[in-house]
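Colleague: Pasting entry-v4.cif below, which is mmCIF, C-alpha atoms.
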data_query
loop_
_atom_site.group_PDB
_atom_site.id
_atom_site.type_symbol
_atom_site.label_atom_id
_atom_site.label_comp_id
_atom_site.auth_asym_id
_atom_site.auth_seq_id
_atom_site.Cartn_x
_atom_site.Cartn_y
_atom_site.Cartn_z
ATOM 1 C CA MET A 1474 4.102 27.213 -53.385
ATOM 2 C CA ILE A 1475 5.433 29.562 -50.696
ATOM 3 C CA GLY A 1476 8.687 27.599 -50.505
ATOM 4 C CA ASN A 1477 9.539 28.605 -54.054
ATOM 5 C CA ALA A 1478 9.822 32.258 -52.948
ATOM 6 C CA PHE A 1479 12.866 31.484 -50.774
ATOM 7 C CA SER A 1480 16.382 31.691 -52.062
ATOM 8 C CA GLU A 1481 18.818 28.834 -51.601
ATOM 9 C CA LEU A 1482 20.436 30.809 -48.769
ATOM 10 C CA ASP A 1483 17.034 31.205 -47.066
ATOM 11 C CA LYS A 1484 16.417 27.473 -47.348
ATOM 12 C CA VAL A 1485 19.768 26.700 -45.743
ATOM 13 C CA ALA A 1486 18.971 29.113 -42.892
ATOM 14 C CA ILE A 1487 15.554 27.505 -42.335
ATOM 15 C CA ALA A 1488 17.136 24.034 -42.260
ATOM 16 C CA GLN A 1489 19.671 25.231 -39.679
ATOM 17 C CA ILE A 1490 16.899 26.685 -37.505
ATOM 18 C CA ARG A 1491 14.951 23.427 -37.701
ATOM 19 C CA ASN A 1492 18.057 21.509 -36.725
ATOM 20 C CA ALA A 1493 18.731 23.863 -33.810
ATOM 21 C CA LEU A 1494 15.139 23.507 -32.579
ATOM 22 C CA SER A 1495 15.391 19.717 -32.758
ATOM 23 C CA ILE A 1496 18.629 19.734 -30.768
ATOM 24 C CA SER A 1497 17.070 22.105 -28.215
ATOM 25 C CA THR A 1498 14.024 19.846 -27.823
ATOM 26 C CA LEU A 1499 16.194 16.777 -27.372
ATOM 27 C CA SER A 1500 18.284 18.644 -24.817
ATOM 28 C CA GLN A 1501 15.165 19.603 -22.862
ATOM 29 C CA ILE A 1502 14.010 15.987 -22.854
ATOM 30 C CA SER A 1503 17.441 14.894 -21.731
ATOM 31 C CA ILE A 1504 17.460 17.466 -18.910
ATOM 32 C CA SER A 1505 13.975 16.417 -17.821
ATOM 33 C CA GLN A 1506 14.957 12.752 -17.805
ATOM 34 C CA GLN A 1507 18.096 13.536 -15.856
ATOM 35 C CA GLN A 1508 16.128 15.482 -13.230
ATOM 36 C CA GLU A 1509 13.665 12.600 -12.963
ATOM 37 C CA LYS A 1510 16.531 10.155 -12.391
ATOM 38 C CA LEU A 1511 18.086 12.408 -9.747
ATOM 39 C CA ARG A 1512 14.762 12.568 -7.863
ATOM 40 C CA THR A 1513 14.144 8.834 -8.105
ATOM 41 C CA ASP A 1514 17.665 7.912 -6.999
ATOM 42 C CA PHE A 1515 17.498 10.430 -4.153
ATOM 43 C CA ILE A 1516 14.174 9.110 -2.819
ATOM 44 C CA HIS A 1517 15.293 5.495 -3.182
ATOM 45 C CA ASP A 1518 18.506 6.154 -1.230
ATOM 46 C CA LEU A 1519 16.544 8.021 1.440
ATOM 47 C CA LEU A 1520 14.123 5.140 1.915
ATOM 48 C CA THR A 1521 16.820 2.474 2.049
ATOM 49 C CA GLY A 1522 19.208 4.465 4.238
ATOM 50 C CA HIS A 1523 22.026 4.244 1.693
ATOM 51 C CA THR A 1524 23.176 7.831 2.089
ATOM 52 C CA SER A 1525 24.741 10.104 4.699
ATOM 53 C CA GLU A 1526 23.083 13.164 6.238
ATOM 54 C CA GLU A 1527 25.551 15.425 4.465
ATOM 55 C CA ASP A 1528 24.769 13.743 1.146
ATOM 56 C CA ILE A 1529 21.019 14.052 1.791
ATOM 57 C CA LEU A 1530 21.257 17.805 2.304
ATOM 58 C CA ARG A 1531 23.505 18.282 -0.727
ATOM 59 C CA ARG A 1532 21.341 16.217 -3.058
ATOM 60 C CA SER A 1533 18.053 17.684 -1.804
ATOM 61 C CA ALA A 1534 19.395 21.163 -2.612
ATOM 62 C CA ALA A 1535 20.390 19.957 -6.094
ATOM 63 C CA ILE A 1536 16.806 18.894 -6.875
ATOM 64 C CA GLN A 1537 15.350 21.972 -5.110
ATOM 65 C CA CYS A 1538 13.568 19.966 -2.412
ATOM 66 C CA ASP A 1539 13.340 21.439 1.088
ATOM 67 C CA ILE A 1540 13.891 18.172 2.894
ATOM 68 C CA SER A 1541 13.430 19.846 6.281
ATOM 69 C CA ARG A 1542 9.713 20.325 5.519
ATOM 70 C CA VAL A 1543 8.865 16.682 4.748
ATOM 71 C CA GLU A 1544 5.722 15.843 6.708
ATOM 72 C CA GLY A 1545 5.724 12.138 5.924
ATOM 73 C CA CYS A 1546 5.440 9.481 3.221
ATOM 74 C CA ILE A 1547 2.443 8.364 1.203
ATOM 75 C CA VAL A 1548 2.533 5.042 -0.644
ATOM 76 C CA LEU A 1549 -0.041 4.566 -3.406
ATOM 77 C CA ASP A 1550 -0.801 1.183 -4.933
ATOM 78 C CA ILE A 1551 -3.225 0.201 -7.692
ATOM 79 C CA CYS A 1552 -6.024 -1.902 -6.198
ATOM 80 C CA ASP A 1553 -6.278 -5.557 -7.291
ATOM 81 C CA PHE A 1554 -3.050 -5.232 -9.251
ATOM 82 C CA LYS A 1555 -2.503 -9.009 -9.237
ATOM 83 C CA GLN A 1556 -5.838 -9.448 -10.996
ATOM 84 C CA LEU A 1557 -4.869 -6.876 -13.626
ATOM 85 C CA LEU A 1558 -1.726 -8.868 -14.380
ATOM 86 C CA LYS A 1559 -3.943 -11.797 -15.401
ATOM 87 C CA HIS A 1560 -6.086 -9.799 -17.825
ATOM 88 C CA TYR A 1561 -3.694 -7.266 -19.385
ATOM 89 C CA SER A 1562 -0.698 -7.686 -21.650
ATOM 90 C CA GLU A 1563 2.769 -6.713 -20.496
ATOM 91 C CA ASP A 1564 2.694 -3.572 -22.647
ATOM 92 C CA GLU A 1565 -0.689 -2.564 -21.224
ATOM 93 C CA ILE A 1566 0.582 -3.012 -17.663
ATOM 94 C CA VAL A 1567 3.652 -0.885 -18.385
ATOM 95 C CA SER A 1568 1.417 1.781 -19.928
ATOM 96 C CA LEU A 1569 -0.912 1.716 -16.904
ATOM 97 C CA LYS A 1570 1.968 2.081 -14.438
ATOM 98 C CA THR A 1571 3.413 4.977 -16.432
ATOM 99 C CA GLU A 1572 0.035 6.703 -16.604
ATOM 100 C CA PHE A 1573 -0.502 6.114 -12.888
ATOM 101 C CA TYR A 1574 2.813 7.737 -12.002
ATOM 102 C CA GLU A 1575 2.450 10.681 -14.380
ATOM 103 C CA LEU A 1576 -1.064 11.442 -13.117
ATOM 104 C CA VAL A 1577 0.132 11.519 -9.513
ATOM 105 C CA GLN A 1578 3.039 13.771 -10.454
ATOM 106 C CA ASN A 1579 0.801 16.151 -12.416
ATOM 107 C CA GLU A 1580 -1.812 16.365 -9.660
ATOM 108 C CA LEU A 1581 0.830 17.178 -7.064
ATOM 109 C CA HIS A 1582 1.967 20.056 -9.260
ATOM 110 C CA ALA A 1583 -1.646 21.156 -9.756
ATOM 111 C CA LEU A 1584 -2.053 21.354 -5.983
ATOM 112 C CA GLY A 1585 0.792 23.844 -5.878
ATOM 113 C CA ASN A 1586 2.536 21.208 -3.820
ATOM 114 C CA ASP A 1587 6.301 21.025 -3.379
ATOM 115 C CA SER A 1588 6.040 17.293 -2.710
ATOM 116 C CA ILE A 1589 8.169 14.957 -4.803
ATOM 117 C CA CYS A 1590 7.448 11.396 -5.851
ATOM 118 C CA CYS A 1591 8.950 8.433 -7.615
ATOM 119 C CA GLY A 1592 7.787 5.107 -8.946
ATOM 120 C CA LEU A 1593 8.969 1.990 -7.101
ATOM 121 C CA SER A 1594 7.912 -1.175 -8.907
ATOM 122 C CA ASP A 1595 4.099 -0.862 -9.250
ATOM 123 C CA LYS A 1596 3.751 1.715 -6.457
ATOM 124 C CA VAL A 1597 4.199 5.467 -6.231
ATOM 125 C CA VAL A 1598 5.977 6.871 -3.183
ATOM 126 C CA ILE A 1599 5.420 10.513 -2.252
ATOM 127 C CA LEU A 1600 7.487 12.630 0.099
ATOM 128 C CA HIS A 1601 4.821 15.053 1.266
ATOM 129 C CA ILE A 1602 6.228 18.531 1.841
ATOM 130 C CA ARG A 1603 4.554 20.946 4.248
ATOM 131 C CA THR A 1604 3.603 24.047 2.296
ATOM 132 C CA GLN A 1605 4.293 27.562 3.511
ATOM 133 C CA THR A 1606 1.126 29.134 2.108
ATOM 134 C CA ARG A 1607 -1.414 26.301 1.811
ATOM 135 C CA GLN A 1608 -2.189 23.907 4.643
ATOM 136 C CA GLN A 1609 -2.908 20.776 2.609
ATOM 137 C CA ALA A 1610 -2.455 18.035 5.201
ATOM 138 C CA ILE A 1611 -0.893 14.753 4.173
ATOM 139 C CA ALA A 1612 -4.145 12.789 4.623
ATOM 140 C CA GLN A 1613 -6.044 15.333 2.506
ATOM 141 C CA THR A 1614 -3.489 14.981 -0.268
ATOM 142 C CA ALA A 1615 -3.712 11.174 -0.221
ATOM 143 C CA ARG A 1616 -7.514 11.190 -0.420
ATOM 144 C CA PHE A 1617 -7.508 13.891 -3.108
ATOM 145 C CA LEU A 1618 -5.192 11.793 -5.276
ATOM 146 C CA GLN A 1619 -7.431 8.755 -4.798
ATOM 147 C CA ARG A 1620 -10.526 10.684 -5.889
ATOM 148 C CA THR A 1621 -8.781 12.299 -8.842
ATOM 149 C CA LEU A 1622 -7.297 9.072 -10.181
ATOM 150 C CA LYS A 1623 -10.700 7.403 -9.922
ATOM 151 C CA SER A 1624 -12.678 10.224 -11.519
ATOM 152 C CA SER A 1625 -10.243 11.121 -14.304
ATOM 153 C CA LYS A 1626 -8.870 7.724 -15.368
ATOM 154 C CA ASN A 1627 -10.933 5.199 -13.410
ATOM 155 C CA ILE A 1628 -7.794 4.004 -11.621
ATOM 156 C CA GLU A 1629 -8.590 2.810 -8.106
ATOM 157 C CA VAL A 1630 -5.682 3.064 -5.696
ATOM 158 C CA ALA A 1631 -5.110 2.241 -2.039
ATOM 159 C CA ALA A 1632 -3.107 4.663 0.088
ATOM 160 C CA GLY A 1633 -0.916 4.148 3.130
ATOM 161 C CA ILE A 1634 0.163 7.222 5.111
ATOM 162 C CA GLY A 1635 3.290 6.989 7.230
ATOM 163 C CA CYS A 1636 4.086 8.408 10.654
ATOM 164 C CA ARG A 1637 4.849 12.124 10.725
ATOM 165 C CA CYS A 1638 8.443 13.270 10.437
ATOM 166 C CA ARG A 1639 10.046 15.542 12.991
ATOM 167 C CA SER A 1640 13.089 15.806 10.715
ATOM 168 C CA PHE A 1641 14.383 14.229 7.517
ATOM 169 C CA ARG A 1642 15.956 11.511 9.691
ATOM 170 C CA ASP A 1643 12.443 10.086 10.215
ATOM 171 C CA ILE A 1644 11.666 9.644 6.502
ATOM 172 C CA ARG A 1645 12.700 6.000 6.352
ATOM 173 C CA GLN A 1646 10.489 5.124 9.335
ATOM 174 C CA SER A 1647 7.616 7.056 7.775
ATOM 175 C CA TYR A 1648 8.014 5.012 4.586
ATOM 176 C CA GLU A 1649 8.023 1.709 6.490
ATOM 177 C CA THR A 1650 4.885 2.617 8.452
ATOM 178 C CA ALA A 1651 3.223 3.829 5.240
ATOM 179 C CA ARG A 1652 3.817 0.382 3.728
ATOM 180 C CA LEU A 1653 2.294 -1.253 6.794
ATOM 181 C CA ALA A 1654 -0.676 1.111 6.630
ATOM 182 C CA LEU A 1655 -1.089 0.172 2.979
ATOM 183 C CA ARG A 1656 -1.217 -3.476 4.001
ATOM 184 C CA ILE A 1657 -4.125 -2.651 6.307
ATOM 185 C CA ALA A 1658 -5.819 -0.653 3.535
ATOM 186 C CA THR A 1659 -5.701 -3.646 1.189
ATOM 187 C CA SER A 1660 -6.892 -6.156 3.805
ATOM 188 C CA ASP A 1661 -10.426 -7.057 4.835
ATOM 189 C CA LEU A 1662 -10.003 -5.285 8.172
ATOM 190 C CA SER A 1663 -10.282 -1.720 6.964
ATOM 191 C CA PRO A 1664 -13.483 -0.193 5.589
ATOM 192 C CA SER A 1665 -11.357 2.423 3.828
ATOM 193 C CA THR A 1666 -8.658 2.071 1.177
ATOM 194 C CA CYS A 1667 -6.849 5.071 2.677
ATOM 195 C CA VAL A 1668 -5.219 4.275 6.020
ATOM 196 C CA ASP A 1669 -3.206 6.615 8.214
ATOM 197 C CA SER A 1670 -0.663 4.690 10.282
ATOM 198 C CA GLU A 1671 -1.117 7.103 13.185
ATOM 199 C CA GLU A 1672 -4.768 6.065 13.504
ATOM 200 C CA PHE A 1673 -3.817 2.379 13.945
ATOM 201 C CA PRO A 1674 -1.026 2.339 16.552
ATOM 202 C CA ALA A 1675 -1.898 -1.126 17.900
ATOM 203 C CA TYR A 1676 -1.912 -2.663 14.417
ATOM 204 C CA MET A 1677 1.372 -0.920 13.668
ATOM 205 C CA LEU A 1678 2.907 -2.528 16.738
ATOM 206 C CA LEU A 1679 1.641 -5.966 15.741
ATOM 207 C CA LEU A 1680 2.821 -5.625 12.161
ATOM 208 C CA GLN A 1681 6.230 -4.269 13.104
ATOM 209 C CA ALA A 1682 6.761 -7.247 15.376
ATOM 210 C CA TYR A 1683 6.013 -9.736 12.585
ATOM 211 C CA GLN A 1684 7.011 -8.009 9.353
ATOM 212 C CA ALA A 1685 10.490 -9.544 9.394
ATOM 213 C CA GLU A 1686 9.120 -13.035 10.147
ATOM 214 C CA PRO A 1687 5.838 -13.591 8.281
ATOM 215 C CA GLU A 1688 6.285 -17.365 8.467
ATOM 216 C CA ALA A 1689 5.842 -17.116 12.240
ATOM 217 C CA VAL A 1690 2.279 -15.895 11.729
ATOM 218 C CA ARG A 1691 1.337 -18.968 9.712
ATOM 219 C CA GLN A 1692 2.907 -21.246 12.314
ATOM 220 C CA VAL A 1693 1.002 -19.593 15.171
ATOM 221 C CA VAL A 1694 -2.315 -19.856 13.338
ATOM 222 C CA ALA A 1695 -1.631 -23.490 12.416
ATOM 223 C CA ARG A 1696 -0.848 -24.351 16.034
ATOM 224 C CA LEU A 1697 -3.963 -22.609 17.365
ATOM 225 C CA LEU A 1698 -6.247 -24.213 14.799
ATOM 226 C CA GLU A 1699 -4.710 -27.684 14.833
ATOM 227 C CA PRO A 1700 -7.591 -29.347 16.773
ATOM 228 C CA VAL A 1701 -10.228 -27.814 14.513
ATOM 229 C CA ARG A 1702 -8.344 -28.625 11.308
ATOM 230 C CA LYS A 1703 -7.805 -32.241 12.354
ATOM 231 C CA TYR A 1704 -11.517 -32.588 13.065
ATOM 232 C CA ASP A 1705 -12.480 -31.031 9.710
ATOM 233 C CA GLN A 1706 -10.057 -33.259 7.828
ATOM 234 C CA ALA A 1707 -11.298 -36.425 9.518
ATOM 235 C CA ARG A 1708 -15.008 -35.660 9.098
ATOM 236 C CA ASN A 1709 -15.050 -33.373 6.067
ATOM 237 C CA SER A 1710 -16.752 -30.674 8.150
ATOM 238 C CA ALA A 1711 -16.383 -26.878 8.246
ATOM 239 C CA LEU A 1712 -15.649 -25.972 11.854
ATOM 240 C CA GLU A 1713 -12.731 -23.689 10.957
ATOM 241 C CA GLU A 1714 -14.890 -21.605 8.621
ATOM 242 C CA THR A 1715 -17.525 -21.257 11.354
ATOM 243 C CA PHE A 1716 -14.889 -20.467 14.002
ATOM 244 C CA ARG A 1717 -13.459 -17.641 11.928
ATOM 245 C CA ALA A 1718 -16.917 -16.290 11.115
ATOM 246 C CA LEU A 1719 -17.939 -16.264 14.780
ATOM 247 C CA LEU A 1720 -14.945 -14.167 15.769
ATOM 248 C CA ARG A 1721 -15.226 -11.960 12.700
ATOM 249 C CA CYS A 1722 -18.889 -11.266 13.445
ATOM 250 C CA ASP A 1723 -18.262 -10.716 17.159
ATOM 251 C CA MET A 1724 -20.275 -13.816 18.100
ATOM 252 C CA ASN A 1725 -23.402 -12.592 16.307
ATOM 253 C CA TYR A 1726 -25.023 -15.937 15.443
ATOM 254 C CA ASN A 1727 -27.578 -14.447 13.070
ATOM 255 C CA ARG A 1728 -24.886 -12.708 10.995
ATOM 256 C CA VAL A 1729 -22.790 -15.875 10.881
ATOM 257 C CA ALA A 1730 -25.802 -17.889 9.767
ATOM 258 C CA GLU A 1731 -26.524 -15.385 6.983
ATOM 259 C CA GLN A 1732 -22.907 -15.293 5.805
ATOM 260 C CA LEU A 1733 -22.485 -19.081 5.758
ATOM 261 C CA PHE A 1734 -26.043 -19.862 4.578
ATOM 262 C CA LEU A 1735 -26.682 -21.959 7.673
ATOM 263 C CA HIS A 1736 -29.475 -22.272 10.211
ATOM 264 C CA LYS A 1737 -28.749 -20.478 13.483
ATOM 265 C CA ASN A 1738 -29.023 -23.768 15.395
ATOM 266 C CA THR A 1739 -26.307 -25.271 13.161
ATOM 267 C CA VAL A 1740 -24.014 -22.383 14.048
ATOM 268 C CA LEU A 1741 -24.642 -22.948 17.768
ATOM 269 C CA GLN A 1742 -23.974 -26.680 17.421
ATOM 270 C CA ARG A 1743 -20.695 -26.032 15.613
ATOM 271 C CA LYS A 1744 -19.655 -23.497 18.258
ATOM 272 C CA GLN A 1745 -20.201 -26.088 20.987
ATOM 273 C CA LYS A 1746 -18.181 -28.669 19.056
ATOM 274 C CA ILE A 1747 -15.301 -26.189 18.558
ATOM 275 C CA ALA A 1748 -15.255 -25.394 22.285
ATOM 276 C CA SER A 1749 -15.144 -29.102 23.134
ATOM 277 C CA LEU A 1750 -11.909 -29.528 21.150
ATOM 278 C CA TYR A 1751 -9.937 -27.207 23.445
ATOM 279 C CA ARG A 1752 -8.964 -27.466 27.087
ATOM 280 C CA GLU A 1753 -10.130 -23.869 27.607
ATOM 281 C CA ASP A 1754 -13.133 -22.380 25.800
ATOM 282 C CA PRO A 1755 -11.659 -20.375 22.857
ATOM 283 C CA PHE A 1756 -14.727 -18.116 22.846
ATOM 284 C CA GLN A 1757 -14.145 -16.898 26.400
ATOM 285 C CA LEU A 1758 -11.711 -14.173 27.432
ATOM 286 C CA PRO A 1759 -8.746 -14.078 27.585
ATOM 287 C CA TYR A 1760 -8.372 -17.161 25.343
ATOM 288 C CA ARG A 1761 -10.513 -15.657 22.613
ATOM 289 C CA ARG A 1762 -8.096 -12.732 22.222
ATOM 290 C CA GLN A 1763 -5.161 -14.841 21.075
ATOM 291 C CA PHE A 1764 -7.242 -16.259 18.222
ATOM 292 C CA GLU A 1765 -8.433 -12.772 17.273
ATOM 293 C CA PHE A 1766 -4.873 -11.389 17.275
ATOM 294 C CA ALA A 1767 -3.622 -14.320 15.235
ATOM 295 C CA PHE A 1768 -6.399 -13.912 12.660
ATOM 296 C CA ILE A 1769 -5.720 -10.161 12.415
ATOM 297 C CA LEU A 1770 -2.065 -10.816 11.683
ATOM 298 C CA GLU A 1771 -2.927 -13.590 9.260
ATOM 299 C CA SER A 1772 -5.189 -11.239 7.317
ATOM 300 C CA PHE A 1773 -2.082 -9.288 6.253
ATOM 301 C CA TYR A 1774 -0.429 -12.404 4.826
ATOM 302 C CA ASP A 1775 -1.349 -15.080 2.328
ATOM 303 C CA LYS A 1776 -1.400 -18.799 3.045
ATOM 304 C CA LYS A 1777 2.293 -19.194 2.259
ATOM 305 C CA GLY A 1778 3.254 -16.549 4.795
ATOM 306 C CA ILE A 1779 4.082 -14.023 2.089
ATOM 307 C CA PRO A 1780 2.843 -10.459 2.572
ATOM 308 C CA ASN A 1781 -0.496 -9.681 0.948
ATOM 309 C CA PRO A 1782 -0.858 -7.031 -1.849
ATOM 310 C CA GLY A 1783 0.093 -4.213 0.517
ATOM 311 C CA SER A 1784 3.730 -5.224 0.186
ATOM 312 C CA LYS A 1785 4.154 -6.429 -3.371
#
What would you get if you wrote out this structure as C-alpha cells?

Modeller:
Amino acid sequence: MIGNAFSELDKVAIAQIRNALSISTLSQISISQQQEKLRTDFIHDLLTGHTSEEDILRRSAAIQCDISRVEGCIVLDICDFKQLLKHYSEDEIVSLKTEFYELVQNELHALGNDSICCGLSDKVVILHIRTQTRQQAIAQTARFLQRTLKSSKNIEVAAGIGCRCRSFRDIRQSYETARLALRIATSDLSPSTCVDSEEFPAYMLLLQAYQAEPEAVRQVVARLLEPVRKYDQARNSALEETFRALLRCDMNYNRVAEQLFLHKNTVLQRKQKIASLYREDPFQLPYRRQFEFAFILESFYDKKGIPNPGSK
C-alpha cells in the first residue's frame, strides 16, 4: 500500500491538509449561501418598497449589481403548478422548485447576463439588466429561458414581462405589471405563455383597476348574468354557456355550434331567448361591450374571486 510509505509525521500533515480543505470548502459554501441570501433579501425589499433609495444603492453595490441598468422585471411561473401539487409528493415539489430556480440562474450566467434573480414562493423573479456589450432584450431573455427550460428539463413555464424602467425607482411597478402580464399568460385569452405588459396596455388598465378588489369582478358578472342564471336554474337549460360562447366566438354561430356540439338552429334559438331576458339586446353595441369586459376580467379570477394561477 502507498500509505505505508509515509512516516507518522507525513500522515499528520496529510490529515491537516484534508482538514484545511474541508474547512475551505465549507467556507465557500457559506459565502455562496450568504451572497444568495443578500440577493434574495435585496430583491424582495425592492419589490415590496421596504427600503430607502440610499439603502438600495448601498446594497446593490454590495452584491455588485448595477441597479441603474435594470430594464425591467420578468416573472416566471411553472405552468399548471396546481395540478402538479396533486400528483407529486412534497419532497418532489421542493426538488422541482429548486431545480427550476437553479436552471434559470445558470442560464442567465450562460447568457453573459448581469441580471439577478430570486425565488419567491413557486415563482422566479428576474431583474433584467441591460448589457453593455450584448443587446439581449428583456423579451428575448424571457423566451430564451422558456425554450431552454422546456428543452433541457421539460419544465414548461409562463412568463410575464413588466413595464420598462427609466430608473431603479420604477422596479416595483415593473414587478407589479409583470405579475399582471403573467396572469394574462396563464389565462385563456392569450395564445402565448409569454406576455409583455407593454403589448397589452388596455388589459393592464383593467387589471390594475380591479387587482385590489377581485370580489368586485364576481359581483359585476353575477349582476349582469342574473336573468340568464335564473332562467337556467328554473328550466335546467344552458343559456349562460351559449351566451359566453357567442361572445367568445365573436358571434360565429358555426363555431359555437361546433364547440357546444349543438345544431346551428339551436344556437340561434338560444341567442333569441337570451336577448328576450334583457331590456336592451346584450348582443348589440354598446351593451355587448360591458359583458365582454366583464368576462375578460373574470377570466383572470376563479369563481371565488381569487386570482387565477398568475398570482399564486

Colleague: Quick one: apply the PyMOL selection byres ((chain A and resi 1664-1675) around 6) to the file and drop the selected residues here as a PyMOL selection string.

Modeller: chain A and resi 1631-1636+1654+1658+1663+1676-1678

Colleague: Keeping only C-alpha atoms, write those residues as a short mmCIF file (atom, residue, chain, number, x, y, z; two decimals), keeping the file's coordinate frame.

Modeller:
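Result went into part.cif, see below:
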data_model
loop_
_atom_site.label_atom_id
_atom_site.label_comp_id
_atom_site.auth_asym_id
_atom_site.auth_seq_id
_atom_site.Cartn_x
_atom_site.Cartn_y
_atom_site.Cartn_z
CA ALA A 1631 -5.11 2.24 -2.04
CA ALA A 1632 -3.11 4.66 0.09
CA GLY A 1633 -0.92 4.15 3.13
CA ILE A 1634 0.16 7.22 5.11
CA GLY A 1635 3.29 6.99 7.23
CA CYS A 1636 4.09 8.41 10.65
CA ALA A 1654 -0.68 1.11 6.63
CA ALA A 1658 -5.82 -0.65 3.54
CA SER A 1663 -10.28 -1.72 6.96
CA TYR A 1676 -1.91 -2.66 14.42
CA MET A 1677 1.37 -0.92 13.67
CA LEU A 1678 2.91 -2.53 16.74
#

Colleague: For Thr1571 in chain A, which residue out of A:Gly1545, A:Gly1592, A:Pro1700, A:Pro1755 is the nearest one, using all atoms listed in the file?

Modeller: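 Looking at the shortest contact to Thr1571 in chain A, the residue is A:Gly1592.
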
Colleague: How far is it from CA of Leu1520 in chain A to CA of Ile1644 in chain A, in Å with one decimal?

Modeller: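 CA of Ile1644 in chain A lies at a distance of 6.9 Å from CA of Leu1520 in chain A.
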
Colleague: Calculated over only C-alpha atoms, which of the candidates A:Glu1731, A:Tyr1760, A:Gln1681, A:Phe1617 has the smallest distance to Thr1650 in chain A?

Modeller: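 Residue with the minimum atom-to-atom distance to Thr1650 in chain A: A:Gln1681.
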
Colleague: With a distance cut-off of 10 Å and only C-alpha atoms, select the neighbouring residues of range 1575-1583 of chain A, excluding the residue or stretch itself and same-chain residues fewer than 3 positions from it, and output the selection as a list of chain:residue names.

Modeller: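 Listed by chain and then number, they are A:Leu1549, A:Leu1569, A:Lys1570, A:Thr1571, A:Glu1572, A:Asn1586, A:Asp1587, A:Ser1588, A:Ile1589, A:Cys1590, A:Cys1591, A:Gly1592, A:Val1597, A:Val1598, A:Ile1599, A:His1601, A:Thr1614, A:Phe1617, A:Leu1618, A:Gln1619, A:Thr1621, A:Leu1622, A:Ser1625, A:Lys1626.
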
Colleague: Could you please take those selected residues and save C-alpha atoms as a PDB file, keeping the file's coordinate frame?

Modeller:
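Produced file out_0.pdb, reproduced below:
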ATOM      1  CA  LEU A1549      -0.041   4.566  -3.406  1.00  0.00           C
ATOM      2  CA  LEU A1569      -0.912   1.716 -16.904  1.00  0.00           C
ATOM      3  CA  LYS A1570       1.968   2.081 -14.438  1.00  0.00           C
ATOM      4  CA  THR A1571       3.413   4.977 -16.432  1.00  0.00           C
ATOM      5  CA  GLU A1572       0.035   6.703 -16.604  1.00  0.00           C
ATOM      6  CA  ASN A1586       2.536  21.208  -3.820  1.00  0.00           C
ATOM      7  CA  ASP A1587       6.301  21.025  -3.379  1.00  0.00           C
ATOM      8  CA  SER A1588       6.040  17.293  -2.710  1.00  0.00           C
ATOM      9  CA  ILE A1589       8.169  14.957  -4.803  1.00  0.00           C
ATOM     10  CA  CYS A1590       7.448  11.396  -5.851  1.00  0.00           C
ATOM     11  CA  CYS A1591       8.950   8.433  -7.615  1.00  0.00           C
ATOM     12  CA  GLY A1592       7.787   5.107  -8.946  1.00  0.00           C
ATOM     13  CA  VAL A1597       4.199   5.467  -6.231  1.00  0.00           C
ATOM     14  CA  VAL A1598       5.977   6.871  -3.183  1.00  0.00           C
ATOM     15  CA  ILE A1599       5.420  10.513  -2.252  1.00  0.00           C
ATOM     16  CA  HIS A1601       4.821  15.053   1.266  1.00  0.00           C
ATOM     17  CA  THR A1614      -3.489  14.981  -0.268  1.00  0.00           C
ATOM     18  CA  PHE A1617      -7.508  13.891  -3.108  1.00  0.00           C
ATOM     19  CA  LEU A1618      -5.192  11.793  -5.276  1.00  0.00           C
ATOM     20  CA  GLN A1619      -7.431   8.755  -4.798  1.00  0.00           C
ATOM     21  CA  THR A1621      -8.781  12.299  -8.842  1.00  0.00           C
ATOM     22  CA  LEU A1622      -7.297   9.072 -10.181  1.00  0.00           C
ATOM     23  CA  SER A1625     -10.243  11.121 -14.304  1.00  0.00           C
ATOM     24  CA  LYS A1626      -8.870   7.724 -15.368  1.00  0.00           C
TER      25      LYS A1626
END

Colleague: Kindly resolve the PyMOL selection byres ((chain A and resi 1693) around 12) on the present coordinates and return the residues as a list in words.

Modeller: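 Applying the PyMOL selection byres ((chain A and resi 1693) around 12) to the structure shown produces Tyr1683, Glu1686, Pro1687, Glu1688, Ala1689, Val1690, Arg1691, Gln1692, Val1694, Ala1695, Arg1696, Leu1697, Leu1698, Glu1699, Gln1763, Phe1764, Glu1765, Phe1766, Ala1767, Phe1768, Ile1769, Leu1770, Glu1771 and Gly1778 of chain A.
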
Colleague: Determine the residue set returned by the PyMOL selection byres ((chain A and resi 1727) around 12) for the present structure, and present it as number ranges by chain.

Modeller: A: 1718-1719, 1722-1726, 1728-1741

Colleague: With all atoms listed in the file as the basis for distance, which of A:Glu1753, A:Lys1703, A:Asp1518, A:Glu1629 is at the shortest distance from Asp1553 in chain A?

Modeller: A:Glu1629

Colleague: Suppose you want the space between CA of Leu1680 in chain A and CA of Gln1556 in chain A; what is it in Å?

Modeller: 25.0 Å

Colleague: Have a look at CA of Ile1547 in chain A and CA of Ser1562 in chain A and let me know their distance in Å, one decimal.

Modeller: 28.1 Å

Colleague: Can you pull out every residue within 10 Å of Leu1519 in chain A, counting only C-alpha atoms, but drop anything in the same chain fewer than 5 positions away, and send it as a ChimeraX atom specification?

Modeller: /A:1513-1514,1524-1526,1529,1641-1645,1648

Colleague: Nearest to Leu1558 in chain A among A:Leu1750, A:Gln1757, A:Ala1610, A:Asp1595, with distances taken over only C-alpha atoms: which residue is it?

Modeller: A:Asp1595

Colleague: Go through A:Ile1611, A:Val1543, A:Ile1551, A:Leu1712 one by one, measure the shortest atom-to-atom distance of each to Gln1742 in chain A using only C-alpha atoms, and give the residue with the smallest value.

Modeller: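 Between A:Ile1611, A:Val1543, A:Ile1551, A:Leu1712, the residue approaching Gln1742 in chain A most closely is A:Leu1712.
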
Colleague: Measuring atom to atom with only C-alpha atoms, identify which of A:Glu1544, A:Val1701, A:Ser1640, A:Thr1715 is nearest to Ser1749 in chain A.

Modeller: A:Val1701

Colleague: Starting from 5 Å padding per side, set up an axis-aligned box that covers all listed atoms of range 1516-1531 of chain A and hand over centre and edge lengths in Å, one decimal, as lines of an AutoDock Vina configuration file.

Modeller:
center_x = 19.8
center_y = 10.4
center_z = 1.5
size_x = 21.4
size_y = 25.8
size_z = 19.4

Colleague: For Leu1593 in chain A, work out the shell of residues within 10 Å, counting only C-alpha atoms and skipping chain neighbours fewer than 6 positions away, then give it as an NGL selection string.

Modeller: :A and (1513 or 1516-1517 or 1548 or 1574)
